[in-house]
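Listing of target.cif, mmCIF, C-alpha atoms and all ligand atoms
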data_input
loop_
_atom_site.group_PDB
_atom_site.id
_atom_site.type_symbol
_atom_site.label_atom_id
_atom_site.label_comp_id
_atom_site.auth_asym_id
_atom_site.auth_seq_id
_atom_site.Cartn_x
_atom_site.Cartn_y
_atom_site.Cartn_z
ATOM 1 C CA MET N 721 16.397 -24.724 -23.403
ATOM 2 C CA PRO N 722 18.415 -22.855 -26.069
ATOM 3 C CA ASP N 723 18.566 -19.088 -25.638
ATOM 4 C CA ILE N 724 16.286 -17.663 -28.321
ATOM 5 C CA PRO N 725 16.837 -13.914 -28.902
ATOM 6 C CA PRO N 726 13.595 -11.971 -28.505
ATOM 7 C CA THR N 727 11.943 -11.029 -31.734
ATOM 8 C CA ALA N 728 11.259 -7.394 -32.571
ATOM 9 C CA PRO N 729 7.500 -7.637 -31.818
ATOM 10 C CA ALA N 730 8.268 -9.153 -28.373
ATOM 11 C CA GLU N 731 10.670 -6.293 -27.596
ATOM 12 C CA ALA N 732 8.071 -3.772 -28.683
ATOM 13 C CA GLU N 733 5.532 -5.419 -26.392
ATOM 14 C CA ILE N 734 7.923 -5.269 -23.392
ATOM 15 C CA ALA N 735 8.724 -1.616 -24.132
ATOM 16 C CA ALA N 736 5.024 -0.759 -24.289
ATOM 17 C CA LEU N 737 4.270 -2.542 -20.992
ATOM 18 C CA ARG N 738 7.254 -0.832 -19.311
ATOM 19 C CA ALA N 739 6.050 2.549 -20.552
ATOM 20 C CA GLU N 740 2.695 1.725 -18.929
ATOM 21 C CA ILE N 741 4.487 0.815 -15.659
ATOM 22 C CA ASP N 742 6.491 4.098 -15.818
ATOM 23 C CA ALA N 743 3.273 6.092 -16.164
ATOM 24 C CA ILE N 744 1.718 4.197 -13.218
ATOM 25 C CA ASP N 745 4.872 4.782 -11.127
ATOM 26 C CA ASP N 746 4.647 8.516 -11.819
ATOM 27 C CA ALA N 747 1.004 8.530 -10.775
ATOM 28 C CA MET N 748 1.789 6.513 -7.626
ATOM 29 C CA HIS N 749 4.695 8.819 -6.773
ATOM 30 C CA ASP N 750 2.466 11.894 -7.246
ATOM 31 C CA LEU N 751 -0.115 10.355 -4.914
ATOM 32 C CA LEU N 752 2.508 9.423 -2.308
ATOM 33 C CA MET N 753 3.842 12.992 -2.335
ATOM 34 C CA ARG N 754 0.284 14.308 -2.005
ATOM 35 C CA ARG N 755 -0.464 11.864 0.826
ATOM 36 C CA SER N 756 2.712 12.900 2.675
ATOM 37 C CA ALA N 757 1.747 16.569 2.364
ATOM 38 C CA VAL N 758 -1.628 15.779 3.975
ATOM 39 C CA VAL N 759 0.145 13.844 6.765
ATOM 40 C CA ALA N 760 2.420 16.877 7.341
ATOM 41 C CA ARG N 761 -0.717 19.055 7.663
ATOM 42 C CA LEU N 762 -2.165 16.532 10.116
ATOM 43 C CA ALA N 763 1.091 16.593 12.116
ATOM 44 C CA GLY N 764 0.917 20.390 12.267
ATOM 45 C CA SER N 765 -2.752 20.447 13.278
ATOM 46 C CA ARG N 766 -3.428 20.871 16.973
ATOM 47 C CA ALA N 767 -6.373 18.482 16.660
ATOM 48 C CA LYS N 768 -4.044 15.483 16.782
ATOM 49 C CA GLY N 769 -2.233 16.894 19.814
ATOM 50 C CA SER N 770 1.283 16.169 20.965
ATOM 51 C CA GLY N 771 2.549 12.752 22.027
ATOM 52 C CA SER N 772 2.838 9.579 20.029
ATOM 53 C CA PRO N 773 1.765 9.942 16.374
ATOM 54 C CA VAL N 774 0.997 6.217 16.104
ATOM 55 C CA ARG N 775 -2.683 5.279 15.715
ATOM 56 C CA PRO N 776 -2.836 1.480 15.303
ATOM 57 C CA GLY N 777 -6.642 1.449 15.165
ATOM 58 C CA ARG N 778 -6.699 3.927 12.303
ATOM 59 C CA GLU N 779 -4.019 1.894 10.469
ATOM 60 C CA ALA N 780 -6.142 -1.254 10.890
ATOM 61 C CA ALA N 781 -9.268 0.514 9.611
ATOM 62 C CA VAL N 782 -7.382 1.782 6.522
ATOM 63 C CA LEU N 783 -6.050 -1.705 5.775
ATOM 64 C CA ARG N 784 -9.434 -3.400 6.260
ATOM 65 C CA ARG N 785 -11.077 -0.904 3.920
ATOM 66 C CA LEU N 786 -8.427 -1.486 1.228
ATOM 67 C CA LEU N 787 -8.513 -5.277 1.598
ATOM 68 C CA ALA N 788 -12.314 -5.250 1.284
ATOM 69 C CA ARG N 789 -12.011 -3.639 -2.184
ATOM 70 C CA HIS N 790 -8.895 -5.587 -3.201
ATOM 71 C CA ALA N 791 -8.889 -7.726 -6.346
ATOM 72 C CA GLY N 792 -6.378 -9.042 -8.863
ATOM 73 C CA PRO N 793 -3.013 -10.788 -8.693
ATOM 74 C CA LEU N 794 -1.366 -8.635 -5.982
ATOM 75 C CA PRO N 795 -1.418 -10.814 -2.795
ATOM 76 C CA ARG N 796 -3.296 -9.354 0.208
ATOM 77 C CA ALA N 797 -0.232 -9.812 2.426
ATOM 78 C CA ARG N 798 1.757 -7.606 -0.030
ATOM 79 C CA VAL N 799 -0.884 -4.874 0.177
ATOM 80 C CA VAL N 800 -0.420 -4.900 3.949
ATOM 81 C CA ARG N 801 3.401 -4.778 3.640
ATOM 82 C CA ILE N 802 3.285 -1.849 1.225
ATOM 83 C CA TRP N 803 0.926 0.112 3.468
ATOM 84 C CA ARG N 804 2.990 -0.708 6.567
ATOM 85 C CA GLU N 805 5.845 1.143 4.884
ATOM 86 C CA VAL N 806 3.506 4.011 4.000
ATOM 87 C CA PHE N 807 2.334 4.259 7.643
ATOM 88 C CA MET N 808 5.898 4.166 8.964
ATOM 89 C CA ALA N 809 6.922 6.893 6.516
ATOM 90 C CA SER N 810 3.949 8.966 7.747
ATOM 91 C CA ILE N 811 5.012 8.386 11.353
ATOM 92 C CA ALA N 812 8.583 9.478 10.507
ATOM 93 C CA ILE N 813 7.166 12.732 9.101
ATOM 94 C CA GLN N 814 5.451 13.331 12.446
ATOM 95 C CA GLY N 815 8.386 12.706 14.781
ATOM 96 C CA GLU N 816 10.892 10.284 16.243
ATOM 97 C CA PHE N 817 9.848 6.664 16.505
ATOM 98 C CA SER N 818 11.578 3.712 18.161
ATOM 99 C CA VAL N 819 10.646 0.333 19.604
ATOM 100 C CA ALA N 820 11.664 -1.732 22.649
ATOM 101 C CA VAL N 821 11.004 -5.426 22.174
ATOM 102 C CA HIS N 822 11.359 -8.187 24.722
ATOM 103 C CA ALA N 823 13.045 -11.087 22.959
ATOM 104 C CA PRO N 824 16.065 -13.294 23.645
ATOM 105 C CA ASN N 825 17.835 -12.001 20.509
ATOM 106 C CA PRO N 826 17.144 -9.945 17.324
ATOM 107 C CA GLN N 827 16.507 -13.143 15.308
ATOM 108 C CA SER N 828 13.839 -14.567 17.612
ATOM 109 C CA GLY N 829 10.155 -14.703 16.683
ATOM 110 C CA HIS N 830 8.958 -11.658 18.626
ATOM 111 C CA ALA N 831 11.833 -9.477 17.415
ATOM 112 C CA ARG N 832 11.017 -10.538 13.836
ATOM 113 C CA LEU N 833 7.334 -9.667 14.351
ATOM 114 C CA ALA N 834 8.354 -6.176 15.496
ATOM 115 C CA ARG N 835 10.729 -5.754 12.538
ATOM 116 C CA GLU N 836 8.079 -6.898 10.038
ATOM 117 C CA HIS N 837 5.484 -4.550 11.496
ATOM 118 C CA PHE N 838 7.591 -1.441 12.034
ATOM 119 C CA GLY N 839 9.782 -1.896 8.950
ATOM 120 C CA PRO N 840 13.491 -2.090 8.196
ATOM 121 C CA ILE N 841 14.333 1.522 9.118
ATOM 122 C CA ALA N 842 12.728 1.780 12.575
ATOM 123 C CA ALA N 843 15.112 1.763 15.550
ATOM 124 C CA ILE N 844 14.313 -1.485 17.393
ATOM 125 C CA ARG N 845 16.154 -2.479 20.553
ATOM 126 C CA VAL N 846 15.899 -5.923 22.093
ATOM 127 C CA HIS N 847 15.551 -6.214 25.910
ATOM 128 C CA PRO N 848 16.165 -9.394 27.939
ATOM 129 C CA THR N 849 13.057 -9.022 30.156
ATOM 130 C CA PRO N 850 9.553 -7.549 29.691
ATOM 131 C CA ALA N 851 10.226 -5.242 32.674
ATOM 132 C CA ARG N 852 13.283 -3.742 30.935
ATOM 133 C CA ALA N 853 11.324 -3.154 27.706
ATOM 134 C CA LEU N 854 8.512 -1.485 29.684
ATOM 135 C CA ALA N 855 11.004 0.599 31.678
ATOM 136 C CA ALA N 856 12.393 1.950 28.375
ATOM 137 C CA LEU N 857 8.830 2.918 27.382
ATOM 138 C CA SER N 858 7.991 4.420 30.799
ATOM 139 C CA GLY N 859 11.204 6.426 30.749
ATOM 140 C CA GLY N 860 10.318 7.939 27.364
ATOM 141 C CA GLU N 861 13.309 6.301 25.623
ATOM 142 C CA VAL N 862 11.077 4.569 23.058
ATOM 143 C CA SER N 863 7.667 5.123 21.432
ATOM 144 C CA VAL N 864 6.215 1.631 21.949
ATOM 145 C CA ALA N 865 7.103 -1.721 23.514
ATOM 146 C CA VAL N 866 6.453 -5.117 21.913
ATOM 147 C CA LEU N 867 5.877 -7.953 24.381
ATOM 148 C CA PRO N 868 4.883 -11.604 24.030
ATOM 149 C CA ALA N 869 1.126 -12.206 23.995
ATOM 150 C CA PRO N 870 -0.038 -13.323 27.470
ATOM 151 C CA ALA N 871 -0.048 -17.054 28.185
ATOM 152 C CA GLU N 872 -1.408 -19.069 31.102
ATOM 153 C CA THR N 873 2.063 -20.581 31.590
ATOM 154 C CA ASP N 874 3.675 -17.138 32.150
ATOM 155 C CA GLY N 875 5.671 -17.089 35.395
ATOM 156 C CA GLU N 876 6.102 -14.033 37.637
ATOM 157 C CA GLU N 877 8.666 -12.320 35.359
ATOM 158 C CA ALA N 878 6.934 -13.189 32.073
ATOM 159 C CA ALA N 879 3.474 -12.028 33.241
ATOM 160 C CA TRP N 880 4.088 -8.348 32.368
ATOM 161 C CA TRP N 881 0.356 -7.903 31.781
ATOM 162 C CA ALA N 882 -0.394 -8.588 35.470
ATOM 163 C CA HIS N 883 1.527 -5.441 36.523
ATOM 164 C CA LEU N 884 1.042 -3.066 33.586
ATOM 165 C CA ASP N 885 1.080 0.585 34.685
ATOM 166 C CA VAL N 886 -2.384 1.451 33.271
ATOM 167 C CA PRO N 887 -3.714 3.946 32.272
ATOM 168 C CA ARG N 888 -0.262 5.492 31.706
ATOM 169 C CA LEU N 889 0.690 2.526 29.506
ATOM 170 C CA GLN N 890 -1.866 0.567 27.509
ATOM 171 C CA VAL N 891 -2.107 -2.234 24.977
ATOM 172 C CA VAL N 892 -2.724 -0.621 21.584
ATOM 173 C CA ALA N 893 -2.175 -3.362 18.979
ATOM 174 C CA ARG N 894 -1.595 -7.030 18.373
ATOM 175 C CA LEU N 895 1.012 -8.531 16.030
ATOM 176 C CA PRO N 896 0.933 -9.904 13.447
ATOM 177 C CA PHE N 897 -1.955 -7.977 11.875
ATOM 178 C CA VAL N 898 -2.228 -10.648 9.163
ATOM 179 C CA THR N 899 -3.034 -13.897 10.994
ATOM 180 C CA ASP N 900 -0.311 -16.507 11.120
ATOM 181 C CA PRO N 901 -1.724 -19.674 12.732
ATOM 182 C CA GLY N 902 0.937 -21.363 14.831
ATOM 183 C CA GLY N 903 3.306 -18.376 14.685
ATOM 184 C CA PRO N 904 4.206 -16.251 17.716
ATOM 185 C CA GLY N 905 1.885 -13.444 18.821
ATOM 186 C CA ALA N 906 2.808 -10.171 20.486
ATOM 187 C CA LEU N 907 1.074 -7.162 21.976
ATOM 188 C CA VAL N 908 2.172 -3.579 21.409
ATOM 189 C CA VAL N 909 2.071 -1.300 24.462
ATOM 190 C CA GLY N 910 2.035 2.465 24.041
ATOM 191 C CA PRO N 911 1.987 5.597 26.194
ATOM 192 C CA VAL N 912 -1.466 6.517 24.825
ATOM 193 C CA PRO N 913 -4.859 4.744 24.917
ATOM 194 C CA ALA N 914 -5.752 2.432 22.046
ATOM 195 C CA ASP N 915 -7.830 3.982 19.245
ATOM 196 C CA ALA N 916 -10.864 2.018 18.051
ATOM 197 C CA SER N 917 -10.629 0.435 14.588
ATOM 198 C CA GLY N 918 -14.270 -0.625 14.260
ATOM 199 C CA GLU N 919 -13.491 -4.293 14.945
ATOM 200 C CA ASP N 920 -11.581 -4.669 18.177
ATOM 201 C CA ARG N 921 -11.006 -6.806 21.226
ATOM 202 C CA THR N 922 -10.565 -5.324 24.702
ATOM 203 C CA LEU N 923 -8.265 -6.881 27.289
ATOM 204 C CA LEU N 924 -9.902 -6.949 30.712
ATOM 205 C CA LEU N 925 -7.916 -8.041 33.773
ATOM 206 C CA VAL N 926 -9.878 -9.084 36.847
ATOM 207 C CA GLU N 927 -8.786 -10.256 40.263
ATOM 208 C CA ALA N 928 -11.214 -12.948 41.306
ATOM 209 C CA GLU N 929 -11.585 -14.720 44.666
ATOM 210 C CA PRO N 930 -8.707 -17.158 45.371
ATOM 211 C CA SER N 931 -10.778 -20.318 44.756
ATOM 212 C CA ALA N 932 -12.589 -19.025 41.631
ATOM 213 C CA ALA N 933 -12.823 -21.673 38.922
ATOM 214 C CA ARG N 934 -12.482 -20.806 35.232
ATOM 215 C CA GLY N 935 -16.119 -21.760 34.562
ATOM 216 C CA ARG N 936 -17.392 -19.436 37.308
ATOM 217 C CA ILE N 937 -15.302 -16.513 35.991
ATOM 218 C CA ALA N 938 -16.527 -17.113 32.428
ATOM 219 C CA GLN N 939 -20.130 -17.282 33.660
ATOM 220 C CA ALA N 940 -19.840 -14.051 35.700
ATOM 221 C CA LEU N 941 -18.441 -12.246 32.630
ATOM 222 C CA ALA N 942 -21.243 -13.601 30.428
ATOM 223 C CA ASP N 943 -23.884 -12.665 33.051
ATOM 224 C CA ALA N 944 -22.580 -9.080 33.014
ATOM 225 C CA GLY N 945 -22.989 -9.000 29.216
ATOM 226 C CA LEU N 946 -19.254 -9.327 28.597
ATOM 227 C CA PRO N 947 -18.744 -12.871 27.254
ATOM 228 C CA ALA N 948 -15.041 -13.648 26.900
ATOM 229 C CA ALA N 949 -13.812 -14.630 23.438
ATOM 230 C CA ALA N 950 -10.691 -15.936 25.201
ATOM 231 C CA LEU N 951 -9.978 -16.359 28.895
ATOM 232 C CA LEU N 952 -6.672 -16.925 30.615
ATOM 233 C CA VAL N 953 -6.638 -17.795 34.316
ATOM 234 C CA THR N 954 -3.543 -17.864 36.536
ATOM 235 C CA ARG N 955 -3.001 -18.163 40.258
ATOM 236 C CA ALA N 956 -0.270 -16.142 41.894
ATOM 237 C CA GLY N 957 -0.170 -16.868 45.635
ATOM 238 C CA GLU N 958 -3.512 -15.792 47.086
ATOM 239 C CA GLU N 959 -4.606 -14.135 43.856
ATOM 240 C CA THR N 960 -6.588 -15.540 40.971
ATOM 241 C CA LEU N 961 -5.964 -13.354 37.957
ATOM 242 C CA ALA N 962 -8.127 -13.682 34.876
ATOM 243 C CA LEU N 963 -7.362 -11.958 31.606
ATOM 244 C CA ALA N 964 -10.433 -11.861 29.362
ATOM 245 C CA GLU N 965 -10.570 -10.823 25.747
ATOM 246 C CA ILE N 966 -13.902 -9.075 25.247
ATOM 247 C CA GLU N 967 -15.315 -8.578 21.763
ATOM 248 C CA GLY N 968 -15.553 -4.858 20.930
ATOM 249 C CA PHE N 969 -13.978 -1.646 22.219
ATOM 250 C CA LEU N 970 -14.844 -1.308 25.887
ATOM 251 C CA HIS N 971 -14.692 2.052 27.681
ATOM 252 C CA PRO N 972 -13.802 2.160 31.414
ATOM 253 C CA GLU N 973 -17.168 3.750 32.186
ATOM 254 C CA ASP N 974 -19.146 0.981 30.417
ATOM 255 C CA ALA N 975 -22.045 0.091 32.745
ATOM 256 C CA ARG N 976 -21.492 -3.648 32.219
ATOM 257 C CA LEU N 977 -18.204 -3.434 34.149
ATOM 258 C CA ALA N 978 -20.110 -2.326 37.253
ATOM 259 C CA ALA N 979 -22.173 -5.524 37.045
ATOM 260 C CA LEU N 980 -19.067 -7.692 37.590
ATOM 261 C CA PRO N 981 -18.721 -9.278 41.050
ATOM 262 C CA TRP N 982 -15.043 -8.280 41.450
ATOM 263 C CA ALA N 983 -13.786 -4.913 42.700
ATOM 264 C CA ARG N 984 -10.443 -5.103 40.888
ATOM 265 C CA ARG N 985 -11.069 -4.924 37.158
ATOM 266 C CA THR N 986 -8.742 -3.119 34.824
ATOM 267 C CA ILE N 987 -8.916 -2.473 31.109
ATOM 268 C CA LEU N 988 -5.385 -3.070 29.833
ATOM 269 C CA GLY N 989 -6.181 -1.726 26.373
ATOM 270 C CA ALA N 990 -7.519 -3.034 23.088
ATOM 271 C CA TYR N 991 -6.333 -4.220 19.716
ATOM 272 C CA ALA N 992 -7.679 -4.403 16.186
ATOM 273 C CA VAL N 993 -8.815 -7.913 15.255
ATOM 274 C CA PRO N 994 -6.238 -9.254 12.769
ATOM 275 C CA VAL N 995 -7.171 -9.892 9.126
ATOM 276 C CA VAL N 996 -6.745 -13.146 7.233
ATOM 277 C CA GLY N 997 -4.026 -13.289 4.620
ATOM 278 C CA ASP N 998 -4.010 -15.045 1.269
ATOM 279 C CA THR N 999 -5.688 -18.399 0.881
ATOM 280 C CA PRO N 1000 -3.389 -20.765 -1.030
HETATM 281 O O1 LIG H 1 -4.314 9.302 10.790
HETATM 282 C C1 LIG H 1 -3.310 9.686 11.406
HETATM 283 O O2 LIG H 1 -3.369 10.097 12.582
HETATM 284 C C2 LIG H 1 -1.980 9.626 10.765
HETATM 285 O O3 LIG H 1 -0.995 9.985 11.379
HETATM 286 C C3 LIG H 1 -1.873 9.084 9.386
HETATM 287 C C4 LIG H 1 -1.467 7.639 9.341
HETATM 288 C C5 LIG H 1 -1.477 7.215 7.834
HETATM 289 O O4 LIG H 1 -0.426 7.296 7.205
HETATM 290 O O5 LIG H 1 -2.559 6.877 7.338
HETATM 291 C C6 LIG H 1 -0.092 7.464 9.898
HETATM 292 C C7 LIG H 1 0.176 6.960 11.124
HETATM 293 C C8 LIG H 1 -0.865 6.550 12.052
HETATM 294 O O6 LIG H 1 -0.452 5.448 12.796
HETATM 295 C C9 LIG H 1 -2.146 6.342 11.367
HETATM 296 C C10 LIG H 1 -2.416 6.811 10.117
#

Could you render the structure from this file as structure tokens?
Amino acid sequence: MPDIPPTAPAEAEIAALRAEIDAIDDAMHDLLMRRSAVVARLAGSRAKGSGSPVRPGREAAVLRRLLARHAGPLPRARVVRIWREVFMASIAIQGEFSVAVHAPNPQSGHARLAREHFGPIAAIRVHPTPARALAALSGGEVSVAVLPAPAETDGEEAAWWAHLDVPRLQVVARLPFVTDPGGPGALVVGPVPADASGEDRTLLLVEAEPSAARGRIAQALADAGLPAAALLVTRAGEETLALAEIEGFLHPEDARLAALPWARRTILGAYAVPVVGDTP
């Protein structure tokens, strides 16, 4: 196509639209400065306490509320990306933040999930085993650890979830927050309990009798009023370990836990149920 110089009316239209964008940018900048000042007040308030400033449940609740009112051409996944940066900026205002991720290299799927979630500025270090990533978290070197989502095929070394040092360390989030069918999944472990988002899943680890079949474990959970939305069963020597995902935010003193037939039952933490992205 030949290059046609823009006509004067077209230039005037572009200038007017850009003036509108400039005014919106000023308003957005004012609001971001105001928001950061509120975050600084929150950081200074004793109500939040010391320790990790990260509250994944609160972040999820904010995003769900915004996505519920969202309309127009801005894709939902972009809204999430913009607010991820806002959250990370708020976290930076409140203190140091760094991540240990277990991944073979910085380009692998789980390392990319961590980078996408925690943003381009966060210090993210890759560790060759889950144990090394968790040791960095236990030792206070990092704020959170990102580990592959549990799988039934996990061997002794990969099954970090079978030996998690709860309640000192707990699962607090799941990545990605915008569902990606077929993509890798990861869990975020923090040095604080998970905070409820209003729509959560709790991870419950039970040690069942050695011969326990999957169906019997699922039935016992359902009978106790804790039907599993997902159930992973592995056998390690004499042990049968079952990791159940229970709908809702379960507290350790929930009476339904006492109705389970197994003495060893541990809440590993909880995560906000991910949201769906943009439909093509
Ligand atoms: O609500 C808080 O506790 C905050 O620190 C604020 C805020 C936010 O920017 O909205 C920031 C980080 C937390 O992970 C959650 C929310």

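For N:Leu951, the set of protein, DNA and RNA residues having any atom at most 7 Å away, when counting all atoms listed in the file and skipping those fewer than 2 positions along the same chain, is Ala948, Ala949, Val953, Ala962, Leu963, Ala964 and Glu965 of chain N.
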
message = Taking only C-alpha atoms and all ligand atoms into account, list the residues no farther than 8 Å from ligand LIG 1 (chain H), as a list in words.
response =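 The residues near ligand LIG 1 (chain H) are Arg755, Ser756, Val759, Leu762, Ala763, Lys768, Pro773, Val774, Arg775, Pro776, Gly777, Arg778, Glu779, Val782, Val806, Phe807, Met808, Ala809, Ser810, Ile811 and Gln814 of chain N.
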
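Residue nearest N:Val993 within the list N:Arg789, N:Arg784, N:Arg832, N:Arg798: N:Arg784 [criterion: smallest interatomic distance, all atoms listed in the file].
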
Which residues would end up in the selection if the PyMOL selection byres (((chain N and resi 893) around 9) and not hetatm) were applied here, given that I need the answer as an mmCIF file with C-alpha atoms, keeping the file's coordinate frame?
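Just written: selection-v9.cif:
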data_model
loop_
_atom_site.group_PDB
_atom_site.id
_atom_site.type_symbol
_atom_site.label_atom_id
_atom_site.label_comp_id
_atom_site.auth_asym_id
_atom_site.auth_seq_id
_atom_site.Cartn_x
_atom_site.Cartn_y
_atom_site.Cartn_z
ATOM 1 C CA PRO N 776 -2.836 1.480 15.303
ATOM 2 C CA GLY N 777 -6.642 1.449 15.165
ATOM 3 C CA VAL N 891 -2.107 -2.234 24.977
ATOM 4 C CA VAL N 892 -2.724 -0.621 21.584
ATOM 5 C CA ARG N 894 -1.595 -7.030 18.373
ATOM 6 C CA LEU N 895 1.012 -8.531 16.030
ATOM 7 C CA PHE N 897 -1.955 -7.977 11.875
ATOM 8 C CA ALA N 906 2.808 -10.171 20.486
ATOM 9 C CA LEU N 907 1.074 -7.162 21.976
ATOM 10 C CA VAL N 908 2.172 -3.579 21.409
ATOM 11 C CA VAL N 909 2.071 -1.300 24.462
ATOM 12 C CA GLY N 910 2.035 2.465 24.041
ATOM 13 C CA ALA N 914 -5.752 2.432 22.046
ATOM 14 C CA GLY N 989 -6.181 -1.726 26.373
ATOM 15 C CA ALA N 990 -7.519 -3.034 23.088
ATOM 16 C CA TYR N 991 -6.333 -4.220 19.716
ATOM 17 C CA ALA N 992 -7.679 -4.403 16.186
ATOM 18 C CA VAL N 993 -8.815 -7.913 15.255
#

Hits of the PyMOL selection byres (((chain N and resi 980-982) around 7) and not hetatm) in this structure, as a count of residues only = 12

Nearest residue to N:Gly918 from the set N:Leu970, N:Ala747, N:Ala842, N:Ala851 (distances using all atoms listed in the file) =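 Between N:Leu970, N:Ala747, N:Ala842, N:Ala851, the residue approaching N:Gly918 most closely is N:Leu970.
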
request  = Quote the spacing between atom CA of N:Pro826 and atom CA of N:Gly903 in Å to one decimal place.
outcome  =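 Computed distance, atom CA of N:Pro826 to atom CA of N:Gly903, equals 16.4 Å.
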
query = What does the distance from atom CA of N:His749 to atom CA of N:Ala843 come to in Å, to one decimal?
reply = 25.6 Å

message = For N:Ile966, find every residue with an atom within 9 Å (counting only C-alpha atoms), except residues of its own chain fewer than 2 positions away, and show them as number ranges by chain.
response = N: 920-924, 946-950, 964, 968-970

ask   = Which residue gives the smallest distance to N:Val846 among N:Ala879, N:Ala820, N:Ala743, N:Ile802, with all atoms listed in the file counted?
value = N:Ala820

Edge lengths and centre in Å to one decimal, as AutoDock Vina command-line options, is what I'm after for the box along x, y and z that holds all listed atoms of stretch 955-963 of chain N once 4 Å is added on each side.
--center_x -4.1 --center_y -15.1 --center_z 39.3 --size_x 16.0 --size_y 14.2 --size_z 23.5

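Atom CA of N:Glu836 is positioned 26.1 Å from atom CA of N:Glu872.
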
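Shortest separation to N:Ala780 among N:Glu816, N:Asp915, N:Glu805, N:Glu740 occurs at residue N:Asp915, atoms counted being all atoms listed in the file.
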
task = Specify as JSON, numbers by chain each residue included when the PyMOL selection byres (((chain N and resi 860) around 12) and not hetatm) is applied to this file.
result = {"N": [771, 772, 816, 817, 818, 819, 820, 853, 854, 855, 856, 857, 858, 859, 861, 862, 863, 864, 865, 888, 889, 910, 911]}

Distance criterion (all atoms listed in the file): nearest to N:Ala823 out of N:Ala735, N:Leu884, N:Leu867, N:Ala767 =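 Nearest to N:Ala823: N:Leu867.
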
request  = Give the answer as one residue: which of N:Pro795, N:Pro729, N:Gly764, N:Pro870 has the shortest atom-to-atom distance to N:Gly815, using only C-alpha atoms?
outcome  = N:Gly764

Just stretch 795-836 of chain N from the block, C-alpha atoms, as a compact mmCIF listing (two decimals), in the first residue's frame, could you?
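Okay, this is what ended up in part-v8.txt:
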# COMPACT_ATOMS: atom_id res chain seq x y z
CA PRO N 795 -7.97 -8.80 28.19
CA ARG N 796 -8.55 -10.35 31.64
CA ALA N 797 -5.05 -11.87 31.62
CA ARG N 798 -3.62 -8.32 31.17
CA VAL N 799 -5.60 -7.06 34.17
CA VAL N 800 -3.97 -9.82 36.22
CA ARG N 801 -0.48 -8.97 34.89
CA ILE N 802 -0.89 -5.28 35.68
CA TRP N 803 -2.08 -6.00 39.22
CA ARG N 804 0.70 -8.55 39.76
CA GLU N 805 3.13 -5.69 39.22
CA VAL N 806 1.11 -3.49 41.59
CA PHE N 807 1.21 -6.21 44.29
CA MET N 808 4.95 -6.74 43.85
CA ALA N 809 5.56 -3.00 44.10
CA SER N 810 3.49 -2.98 47.32
CA ILE N 811 5.54 -5.90 48.67
CA ALA N 812 8.78 -4.05 47.83
CA ILE N 813 7.52 -1.08 49.87
CA GLN N 814 7.07 -3.42 52.83
CA GLY N 815 10.45 -5.15 52.80
CA GLU N 816 12.88 -7.46 51.05
CA PHE N 817 11.42 -10.17 48.86
CA SER N 818 13.10 -13.08 47.08
CA VAL N 819 12.15 -16.49 45.73
CA ALA N 820 13.74 -19.96 45.66
CA VAL N 821 12.40 -22.11 42.85
CA HIS N 822 13.10 -25.76 42.19
CA ALA N 823 13.67 -26.10 38.46
CA PRO N 824 16.36 -27.62 36.25
CA ASN N 825 17.23 -24.19 34.79
CA PRO N 826 15.90 -20.57 34.67
CA GLN N 827 14.16 -21.25 31.31
CA SER N 828 12.17 -24.27 32.48
CA GLY N 829 8.41 -24.19 33.02
CA HIS N 830 8.38 -23.82 36.81
CA ALA N 831 11.03 -21.09 36.78
CA ARG N 832 8.97 -19.23 34.15
CA LEU N 833 5.82 -19.57 36.29
CA ALA N 834 7.69 -18.00 39.23
CA ARG N 835 9.04 -15.19 37.03
CA GLU N 836 5.59 -14.45 35.57
